[in-house]
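As provided, protein39.cif (mmCIF, C-alpha atoms) reads as follows.
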data_my_file
loop_
_atom_site.group_PDB
_atom_site.id
_atom_site.type_symbol
_atom_site.label_atom_id
_atom_site.label_comp_id
_atom_site.auth_asym_id
_atom_site.auth_seq_id
_atom_site.Cartn_x
_atom_site.Cartn_y
_atom_site.Cartn_z
ATOM 1 C CA MET A 4 -61.422 165.770 104.404
ATOM 2 C CA ARG A 5 -63.399 164.735 107.459
ATOM 3 C CA GLN A 6 -65.289 161.468 107.630
ATOM 4 C CA SER A 7 -68.534 161.027 109.447
ATOM 5 C CA LEU A 8 -68.751 158.662 112.378
ATOM 6 C CA SER A 9 -71.017 156.307 110.455
ATOM 7 C CA GLU A 10 -68.343 155.828 107.793
ATOM 8 C CA THR A 11 -65.561 155.031 110.265
ATOM 9 C CA ARG A 12 -67.627 152.953 112.685
ATOM 10 C CA GLY A 13 -67.593 149.851 110.467
ATOM 11 C CA THR A 14 -63.825 149.947 110.168
ATOM 12 C CA TYR A 15 -63.220 148.840 113.749
ATOM 13 C CA SER A 16 -65.990 146.294 114.209
ATOM 14 C CA LEU A 17 -65.387 142.591 113.762
ATOM 15 C CA GLN A 18 -67.204 141.442 110.669
ATOM 16 C CA PRO A 19 -68.549 137.898 110.442
ATOM 17 C CA GLU A 20 -66.661 135.565 108.195
ATOM 18 C CA PRO A 21 -68.141 135.307 104.692
ATOM 19 C CA VAL A 22 -70.198 132.202 104.057
ATOM 20 C CA ARG A 23 -67.991 129.437 102.719
ATOM 21 C CA PRO A 24 -69.416 126.794 100.409
ATOM 22 C CA GLY A 25 -69.384 124.028 103.032
ATOM 23 C CA TRP A 26 -70.882 125.994 105.925
ATOM 24 C CA PRO A 27 -74.581 125.321 105.233
ATOM 25 C CA ALA A 28 -73.802 121.617 104.875
ATOM 26 C CA ALA A 29 -71.709 121.769 108.062
ATOM 27 C CA SER A 30 -74.690 123.221 109.865
ATOM 28 C CA ARG A 31 -76.791 120.295 108.663
ATOM 29 C CA ALA A 32 -74.094 117.815 109.768
ATOM 30 C CA ALA A 33 -74.067 119.403 113.232
ATOM 31 C CA LEU A 34 -77.865 119.208 113.288
ATOM 32 C CA LEU A 35 -77.552 115.514 112.450
ATOM 33 C CA ALA A 36 -75.231 115.164 115.451
ATOM 34 C CA VAL A 37 -77.926 116.735 117.654
ATOM 35 C CA VAL A 38 -80.528 114.340 116.249
ATOM 36 C CA LEU A 39 -78.230 111.352 116.818
ATOM 37 C CA SER A 40 -77.595 112.479 120.405
ATOM 38 C CA ALA A 41 -81.340 112.736 120.943
ATOM 39 C CA ALA A 42 -81.762 109.286 119.368
ATOM 40 C CA LEU A 43 -79.391 107.864 121.991
ATOM 41 C CA ALA A 44 -81.623 109.278 124.717
ATOM 42 C CA VAL A 45 -84.785 107.986 123.028
ATOM 43 C CA VAL A 46 -83.325 104.481 122.695
ATOM 44 C CA ALA A 47 -82.350 104.592 126.364
ATOM 45 C CA ILE A 48 -85.863 105.693 127.356
ATOM 46 C CA ILE A 49 -87.414 102.893 125.305
ATOM 47 C CA ASP A 50 -84.998 100.352 126.741
ATOM 48 C CA GLN A 51 -85.526 101.519 130.296
ATOM 49 C CA ALA A 52 -89.316 101.510 129.926
ATOM 50 C CA GLY A 53 -89.653 98.197 128.143
ATOM 51 C CA GLY A 54 -86.776 96.084 126.922
ATOM 52 C CA ARG A 55 -84.415 96.525 129.865
ATOM 53 C CA SER A 56 -81.546 95.018 127.840
ATOM 54 C CA LEU A 57 -78.982 97.202 129.614
ATOM 55 C CA ALA A 58 -80.426 96.289 133.009
ATOM 56 C CA ASP A 59 -80.455 92.595 132.130
ATOM 57 C CA HIS A 60 -76.862 92.762 130.875
ATOM 58 C CA VAL A 61 -75.615 94.431 134.044
ATOM 59 C CA THR A 62 -77.582 92.122 136.332
ATOM 60 C CA ALA A 63 -76.143 89.067 134.560
ATOM 61 C CA MET A 64 -72.660 90.560 134.667
ATOM 62 C CA TYR A 65 -72.688 91.137 138.441
ATOM 63 C CA ALA A 66 -74.680 88.010 139.431
ATOM 64 C CA PRO A 67 -71.626 85.709 139.837
ATOM 65 C CA TYR A 68 -70.155 88.211 142.305
ATOM 66 C CA GLY A 69 -73.275 88.525 144.455
ATOM 67 C CA LYS A 70 -73.697 92.206 143.607
ATOM 68 C CA GLN A 71 -76.997 94.001 143.060
ATOM 69 C CA PRO A 72 -76.331 96.733 140.468
ATOM 70 C CA ASP A 73 -78.497 99.802 140.026
ATOM 71 C CA PRO A 74 -79.306 99.945 136.310
ATOM 72 C CA ASP A 75 -80.861 103.405 136.729
ATOM 73 C CA LEU A 76 -77.364 104.727 137.360
ATOM 74 C CA LEU A 77 -76.239 103.373 133.993
ATOM 75 C CA TYR A 78 -79.281 104.763 132.214
ATOM 76 C CA GLY A 79 -78.516 108.104 133.867
ATOM 77 C CA LEU A 80 -75.010 107.986 132.441
ATOM 78 C CA VAL A 81 -76.397 107.318 128.957
ATOM 79 C CA TYR A 82 -78.823 110.229 129.366
ATOM 80 C CA ALA A 83 -75.978 112.485 130.493
ATOM 81 C CA VAL A 84 -73.856 111.535 127.467
ATOM 82 C CA ALA A 85 -76.807 112.231 125.163
ATOM 83 C CA ALA A 86 -77.692 115.559 126.791
ATOM 84 C CA VAL A 87 -74.118 116.860 126.888
ATOM 85 C CA GLY A 88 -73.626 115.877 123.266
ATOM 86 C CA ALA A 89 -76.834 117.538 122.109
ATOM 87 C CA LEU A 90 -76.109 120.768 123.984
ATOM 88 C CA LEU A 91 -72.555 120.973 122.670
ATOM 89 C CA TRP A 92 -73.685 120.403 119.087
ATOM 90 C CA LEU A 93 -76.346 123.092 119.468
ATOM 91 C CA ALA A 94 -73.525 125.492 120.386
ATOM 92 C CA VAL A 95 -71.687 124.464 117.203
ATOM 93 C CA ILE A 96 -74.802 125.089 115.107
ATOM 94 C CA ARG A 97 -75.150 128.535 116.653
ATOM 95 C CA ALA A 98 -71.500 129.364 115.908
ATOM 96 C CA VAL A 99 -71.774 128.117 112.321
ATOM 97 C CA ARG A 100 -74.968 130.027 111.623
ATOM 98 C CA ALA A 101 -73.438 133.182 113.121
ATOM 99 C CA ARG A 102 -70.425 132.607 110.801
ATOM 100 C CA ARG A 103 -67.988 132.895 113.674
ATOM 101 C CA ARG A 104 -64.354 132.288 112.882
ATOM 102 C CA SER A 105 -64.162 129.985 115.874
ATOM 103 C CA ALA A 106 -66.845 127.633 114.513
ATOM 104 C CA SER A 107 -64.386 125.150 113.049
ATOM 105 C CA VAL A 108 -62.301 125.062 116.243
ATOM 106 C CA LEU A 109 -65.430 124.610 118.327
ATOM 107 C CA ALA A 110 -66.555 121.785 116.046
ATOM 108 C CA VAL A 111 -63.199 120.022 116.488
ATOM 109 C CA VAL A 112 -63.393 120.351 120.283
ATOM 110 C CA VAL A 113 -67.004 119.154 120.435
ATOM 111 C CA THR A 114 -66.198 116.219 118.151
ATOM 112 C CA ALA A 115 -63.353 115.233 120.484
ATOM 113 C CA VAL A 116 -65.528 115.568 123.596
ATOM 114 C CA THR A 117 -68.415 113.546 122.155
ATOM 115 C CA ALA A 118 -65.986 110.880 120.931
ATOM 116 C CA ALA A 119 -64.406 110.723 124.394
ATOM 117 C CA LEU A 120 -67.826 110.281 125.988
ATOM 118 C CA ALA A 121 -68.617 107.487 123.528
ATOM 119 C CA LEU A 122 -65.297 105.822 124.302
ATOM 120 C CA LEU A 123 -66.279 105.998 127.945
ATOM 121 C CA LEU A 124 -69.314 103.852 127.165
ATOM 122 C CA PHE A 125 -67.178 101.534 125.020
ATOM 123 C CA GLY A 126 -64.326 101.178 127.455
ATOM 124 C CA VAL A 127 -65.772 101.045 130.951
ATOM 125 C CA SER A 128 -65.375 97.535 132.318
ATOM 126 C CA GLU A 129 -65.442 95.760 135.622
ATOM 127 C CA TYR A 130 -64.565 92.170 136.507
ATOM 128 C CA GLY A 131 -63.119 91.831 133.010
ATOM 129 C CA THR A 132 -66.451 92.521 131.282
ATOM 130 C CA GLN A 133 -67.704 95.637 129.549
ATOM 131 C CA ILE A 134 -70.420 97.321 131.578
ATOM 132 C CA PHE A 135 -72.199 98.691 128.513
ATOM 133 C CA PRO A 136 -72.963 96.388 125.588
ATOM 134 C CA PRO A 137 -71.284 97.530 122.329
ATOM 135 C CA LEU A 138 -74.602 98.810 120.933
ATOM 136 C CA TRP A 139 -74.591 101.672 123.443
ATOM 137 C CA GLY A 140 -71.063 102.705 122.485
ATOM 138 C CA ILE A 141 -71.963 102.601 118.787
ATOM 139 C CA LEU A 142 -75.035 104.755 119.358
ATOM 140 C CA ALA A 143 -72.928 107.196 121.383
ATOM 141 C CA ILE A 144 -70.175 107.474 118.732
ATOM 142 C CA LEU A 145 -72.566 108.333 115.872
ATOM 143 C CA PRO A 146 -72.810 112.065 116.795
ATOM 144 C CA ALA A 147 -68.999 112.267 116.726
ATOM 145 C CA VAL A 148 -68.995 110.689 113.256
ATOM 146 C CA ALA A 149 -71.422 113.356 112.070
ATOM 147 C CA GLY A 150 -69.137 115.874 113.765
ATOM 148 C CA VAL A 151 -66.179 114.715 111.689
ATOM 149 C CA PHE A 152 -68.180 115.535 108.572
ATOM 150 C CA ALA A 153 -69.035 118.961 110.004
ATOM 151 C CA VAL A 154 -65.363 119.643 110.750
ATOM 152 C CA VAL A 155 -64.306 118.620 107.246
ATOM 153 C CA LEU A 156 -66.955 120.851 105.714
ATOM 154 C CA LEU A 157 -65.978 123.790 107.930
ATOM 155 C CA ARG A 158 -62.251 123.427 107.228
ATOM 156 C CA ARG A 159 -62.685 123.178 103.469
ATOM 157 C CA ARG A 160 -61.326 126.230 101.726
ATOM 158 C CA PRO A 161 -63.274 127.942 98.966
ATOM 159 C CA ALA A 162 -62.169 127.095 95.432
ATOM 160 C CA HIS A 163 -60.575 129.989 93.619
#

Write the structure described by the file as structure tokens, please.
Amino acid sequence: MRQSLSETRGTYSLQPEPVRPGWPAASRAALLAVVLSAALAVVAIIDQAGGRSLADHVTAMYAPYGKQPDPDLLYGLVYAVAAVGALLWLAVIRAVRARRRSASVLAVVVTAVTAALALLLFGVSEYGTQIFPPLWGILAILPAVAGVFAVVLLRRRPAH
């Protein structure tokens, strides 16, 4: 018996993965990572506009060596870390909401990238002193921590 094209068309198309129990929560965890990335940028804006703690730290660090650092360069690096993190986590949210099979892999990769960027802020040093105070590294690692929760929720298998 002949089948109509409408009956066979669905056979060859890639269907989205069914919603797993942890996927809505994973989407919220990825959204939290976006919010935490934005919070890093907001804290940097507030510090640059008023407190200048990063600028004061860097100026004091380089003063014994007669160097005049440009704190705007460091604030720019913090903004870049925040923006890259937020954009990557938005891509994860899109993949999770579209129920793509690659969502969990993408979440693992984005978690690794955001953690590496945070470690950059933690680990960069010159003249034996960290360039960024630990607070900036902690603020930068928080989106990766939320990402770990998203990965765990995405990798969880449904209970049978």

Please return the centre and edge lengths, in Å to one decimal, of a box with edges along x, y and z that contains all listed atoms of region 105-120 of chain A, widened by 3 Å on every side, as JSON.
{"center_x": -65.4, "center_y": 120.1, "center_z": 119.5, "size_x": 12.1, "size_y": 25.7, "size_z": 18.9}

- Message: Going by the chain IDs and residue numbers used in this file, which residues fall under the PyMOL selection byres ((chain A and resi 155) around 10)? Write them as a PyMOL selection string.
- Response: chain A and resi 25-26+29+107+110-111+150-154+156-160

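In this comparison, which uses only C-alpha atoms, the residue of A:Ala119, A:Ala85, A:Gly131, A:Val61 approaching Ala41 (chain A) most closely is A:Ala85.
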
- Message: Selection in question (the file shown): the PyMOL selection byres ((chain A and resi 99) around 12). Which residues does it include, as a ChimeraX atom specification?
- Response: /A:19-23,25-34,92-98,100-110,153-154,156-158

- Message: Counting only C-alpha atoms, which residues sit no farther than 9 Å from the position (-72.7, 118.6, 122.7) in the file's frame? I'd like them as an MDAnalysis selection string.
- Response: chainID A and resid 36:37 40 84:95 113:114 116:117 146

- Convert the output of the PyMOL selection byres ((chain A and resi 81) around 9) on the shown file into explicit residues, formatted as a list in words.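 After applying the PyMOL selection byres ((chain A and resi 81) around 9), what remains is Leu43, Ala44, Ala47, Leu76, Leu77, Tyr78, Gly79, Leu80, Tyr82, Ala83, Val84, Ala85, Ala86, Leu124, Trp139 and Ala143 of chain A.
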
- Task: Have a look at CA of Thr132 (chain A) and CA of Met64 (chain A) and let me know their distance in Å, one decimal.
- Result: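 CA of Thr132 (chain A) sits 7.3 Å away from CA of Met64 (chain A).
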
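Distances to Ile134 (chain A) were evaluated for A:Ala52, A:Ala66, A:Leu39, A:Leu57 using only C-alpha atoms, and the minimum falls at A:Leu57.
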
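When only C-alpha atoms are used to measure the gap to Tyr65 (chain A), the shortest distance among A:Ala115, A:Ser128, A:Leu123, A:Leu145 belongs to A:Ser128.
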
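In this comparison, which uses all atoms listed in the file, the residue of A:Gln71, A:Asp50, A:Val127, A:Leu122 approaching Gly140 (chain A) most closely is A:Leu122.
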
- Task: Could you jot down the CA of Gly126 (chain A) to CA of Leu142 (chain A) separation for me, Å, one decimal place?
- Result: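 Rounded to one decimal, the two atoms are 13.9 Å apart.
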
- Task: Could you check which of A:Val46, A:Val112, A:Ala58, A:Ile141 is closest to Phe125 (chain A), using all atoms listed in the file?
- Result: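 Going through A:Val46, A:Val112, A:Ala58, A:Ile141 one by one, the smallest distance to Phe125 (chain A) is for A:Ile141.
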
Any chance you could export region 63-94 of chain A with N, CA, C and O atoms, as an mmCIF file, in the first residue's frame?
data_model
loop_
_atom_site.group_PDB
_atom_site.id
_atom_site.type_symbol
_atom_site.label_atom_id
_atom_site.label_comp_id
_atom_site.auth_asym_id
_atom_site.auth_seq_id
_atom_site.Cartn_x
_atom_site.Cartn_y
_atom_site.Cartn_z
ATOM 1 N N ALA A 63 49.037 50.617 43.472
ATOM 2 C CA ALA A 63 49.904 50.287 44.612
ATOM 3 C C ALA A 63 50.866 49.148 44.259
ATOM 4 O O ALA A 63 52.016 49.133 44.729
ATOM 5 N N MET A 64 50.406 48.225 43.445
ATOM 6 C CA MET A 64 51.240 47.086 43.081
ATOM 7 C C MET A 64 52.437 47.515 42.223
ATOM 8 O O MET A 64 53.551 47.024 42.396
ATOM 9 N N TYR A 65 52.208 48.434 41.297
ATOM 10 C CA TYR A 65 53.270 48.861 40.378
ATOM 11 C C TYR A 65 54.095 50.037 40.895
ATOM 12 O O TYR A 65 55.142 50.348 40.332
ATOM 13 N N ALA A 66 53.650 50.716 41.948
ATOM 14 C CA ALA A 66 54.339 51.911 42.448
ATOM 15 C C ALA A 66 55.804 51.659 42.804
ATOM 16 O O ALA A 66 56.672 52.474 42.439
ATOM 17 N N PRO A 67 56.158 50.558 43.473
ATOM 18 C CA PRO A 67 57.577 50.348 43.810
ATOM 19 C C PRO A 67 58.482 50.186 42.585
ATOM 20 O O PRO A 67 59.700 50.329 42.688
ATOM 21 N N TYR A 68 57.891 49.901 41.436
ATOM 22 C CA TYR A 68 58.677 49.670 40.226
ATOM 23 C C TYR A 68 58.675 50.886 39.301
ATOM 24 O O TYR A 68 59.200 50.832 38.196
ATOM 25 N N GLY A 69 58.043 51.964 39.741
ATOM 26 C CA GLY A 69 58.019 53.186 38.940
ATOM 27 C C GLY A 69 57.153 53.090 37.697
ATOM 28 O O GLY A 69 57.339 53.844 36.754
ATOM 29 N N LYS A 70 56.213 52.187 37.693
ATOM 30 C CA LYS A 70 55.334 51.988 36.530
ATOM 31 C C LYS A 70 54.013 52.721 36.746
ATOM 32 O O LYS A 70 53.517 52.827 37.864
ATOM 33 N N GLN A 71 53.439 53.198 35.657
ATOM 34 C CA GLN A 71 52.126 53.829 35.676
ATOM 35 C C GLN A 71 51.135 52.922 34.943
ATOM 36 O O GLN A 71 51.045 52.965 33.719
ATOM 37 N N PRO A 72 50.400 52.073 35.658
ATOM 38 C CA PRO A 72 49.489 51.150 34.978
ATOM 39 C C PRO A 72 48.245 51.865 34.462
ATOM 40 O O PRO A 72 47.884 52.938 34.952
ATOM 41 N N ASP A 73 47.618 51.238 33.484
ATOM 42 C CA ASP A 73 46.350 51.748 32.954
ATOM 43 C C ASP A 73 45.234 50.869 33.503
ATOM 44 O O ASP A 73 44.996 49.772 32.982
ATOM 45 N N PRO A 74 44.530 51.300 34.535
ATOM 46 C CA PRO A 74 43.491 50.462 35.111
ATOM 47 C C PRO A 74 42.327 50.207 34.146
ATOM 48 O O PRO A 74 41.632 49.205 34.271
ATOM 49 N N ASP A 75 42.129 51.101 33.174
ATOM 50 C CA ASP A 75 41.045 50.890 32.214
ATOM 51 C C ASP A 75 41.257 49.610 31.411
ATOM 52 O O ASP A 75 40.292 48.949 31.015
ATOM 53 N N LEU A 76 42.506 49.250 31.195
ATOM 54 C CA LEU A 76 42.803 47.996 30.508
ATOM 55 C C LEU A 76 42.317 46.806 31.331
ATOM 56 O O LEU A 76 41.743 45.855 30.798
ATOM 57 N N LEU A 77 42.522 46.869 32.635
ATOM 58 C CA LEU A 77 42.073 45.778 33.506
ATOM 59 C C LEU A 77 40.553 45.728 33.597
ATOM 60 O O LEU A 77 39.961 44.650 33.600
ATOM 61 N N TYR A 78 39.928 46.888 33.686
ATOM 62 C CA TYR A 78 38.460 46.906 33.688
ATOM 63 C C TYR A 78 37.934 46.350 32.366
ATOM 64 O O TYR A 78 36.945 45.617 32.338
ATOM 65 N N GLY A 79 38.599 46.668 31.275
ATOM 66 C CA GLY A 79 38.203 46.129 29.972
ATOM 67 C C GLY A 79 38.290 44.615 29.938
ATOM 68 O O GLY A 79 37.432 43.948 29.348
ATOM 69 N N LEU A 80 39.312 44.068 30.577
ATOM 70 C CA LEU A 80 39.435 42.611 30.640
ATOM 71 C C LEU A 80 38.296 42.000 31.454
ATOM 72 O O LEU A 80 37.726 40.978 31.066
ATOM 73 N N VAL A 81 37.937 42.639 32.549
ATOM 74 C CA VAL A 81 36.802 42.152 33.355
ATOM 75 C C VAL A 81 35.513 42.227 32.538
ATOM 76 O O VAL A 81 34.708 41.293 32.542
ATOM 77 N N TYR A 82 35.323 43.320 31.820
ATOM 78 C CA TYR A 82 34.123 43.441 30.971
ATOM 79 C C TYR A 82 34.100 42.362 29.895
ATOM 80 O O TYR A 82 33.043 41.799 29.585
ATOM 81 N N ALA A 83 35.255 42.078 29.317
ATOM 82 C CA ALA A 83 35.322 41.046 28.273
ATOM 83 C C ALA A 83 34.970 39.671 28.848
ATOM 84 O O ALA A 83 34.226 38.908 28.223
ATOM 85 N N VAL A 84 35.497 39.361 30.027
ATOM 86 C CA VAL A 84 35.180 38.077 30.667
ATOM 87 C C VAL A 84 33.679 37.984 30.929
ATOM 88 O O VAL A 84 33.041 36.958 30.663
ATOM 89 N N ALA A 85 33.090 39.063 31.422
ATOM 90 C CA ALA A 85 31.654 39.071 31.709
ATOM 91 C C ALA A 85 30.828 38.931 30.435
ATOM 92 O O ALA A 85 29.861 38.152 30.385
ATOM 93 N N ALA A 86 31.192 39.652 29.398
ATOM 94 C CA ALA A 86 30.420 39.615 28.147
ATOM 95 C C ALA A 86 30.525 38.256 27.463
ATOM 96 O O ALA A 86 29.512 37.704 27.005
ATOM 97 N N VAL A 87 31.728 37.715 27.396
ATOM 98 C CA VAL A 87 31.902 36.393 26.770
ATOM 99 C C VAL A 87 31.115 35.343 27.541
ATOM 100 O O VAL A 87 30.421 34.513 26.950
ATOM 101 N N GLY A 88 31.204 35.400 28.856
ATOM 102 C CA GLY A 88 30.450 34.444 29.671
ATOM 103 C C GLY A 88 28.953 34.553 29.449
ATOM 104 O O GLY A 88 28.266 33.541 29.257
ATOM 105 N N ALA A 89 28.426 35.762 29.468
ATOM 106 C CA ALA A 89 26.986 35.941 29.279
ATOM 107 C C ALA A 89 26.537 35.448 27.905
ATOM 108 O O ALA A 89 25.519 34.756 27.790
ATOM 109 N N LEU A 90 27.285 35.773 26.877
ATOM 110 C CA LEU A 90 26.901 35.343 25.523
ATOM 111 C C LEU A 90 26.958 33.821 25.377
ATOM 112 O O LEU A 90 26.071 33.221 24.744
ATOM 113 N N LEU A 91 27.974 33.208 25.947
ATOM 114 C CA LEU A 91 28.064 31.747 25.863
ATOM 115 C C LEU A 91 26.917 31.077 26.619
ATOM 116 O O LEU A 91 26.342 30.089 26.138
ATOM 117 N N TRP A 92 26.576 31.601 27.781
ATOM 118 C CA TRP A 92 25.469 31.001 28.538
ATOM 119 C C TRP A 92 24.128 31.233 27.862
ATOM 120 O O TRP A 92 23.228 30.400 27.969
ATOM 121 N N LEU A 93 23.983 32.337 27.142
ATOM 122 C CA LEU A 93 22.750 32.532 26.367
ATOM 123 C C LEU A 93 22.630 31.468 25.271
ATOM 124 O O LEU A 93 21.530 30.992 24.974
ATOM 125 N N ALA A 94 23.753 31.082 24.680
ATOM 126 C CA ALA A 94 23.730 30.006 23.680
ATOM 127 C C ALA A 94 23.319 28.681 24.321
ATOM 128 O O ALA A 94 22.589 27.886 23.708
#
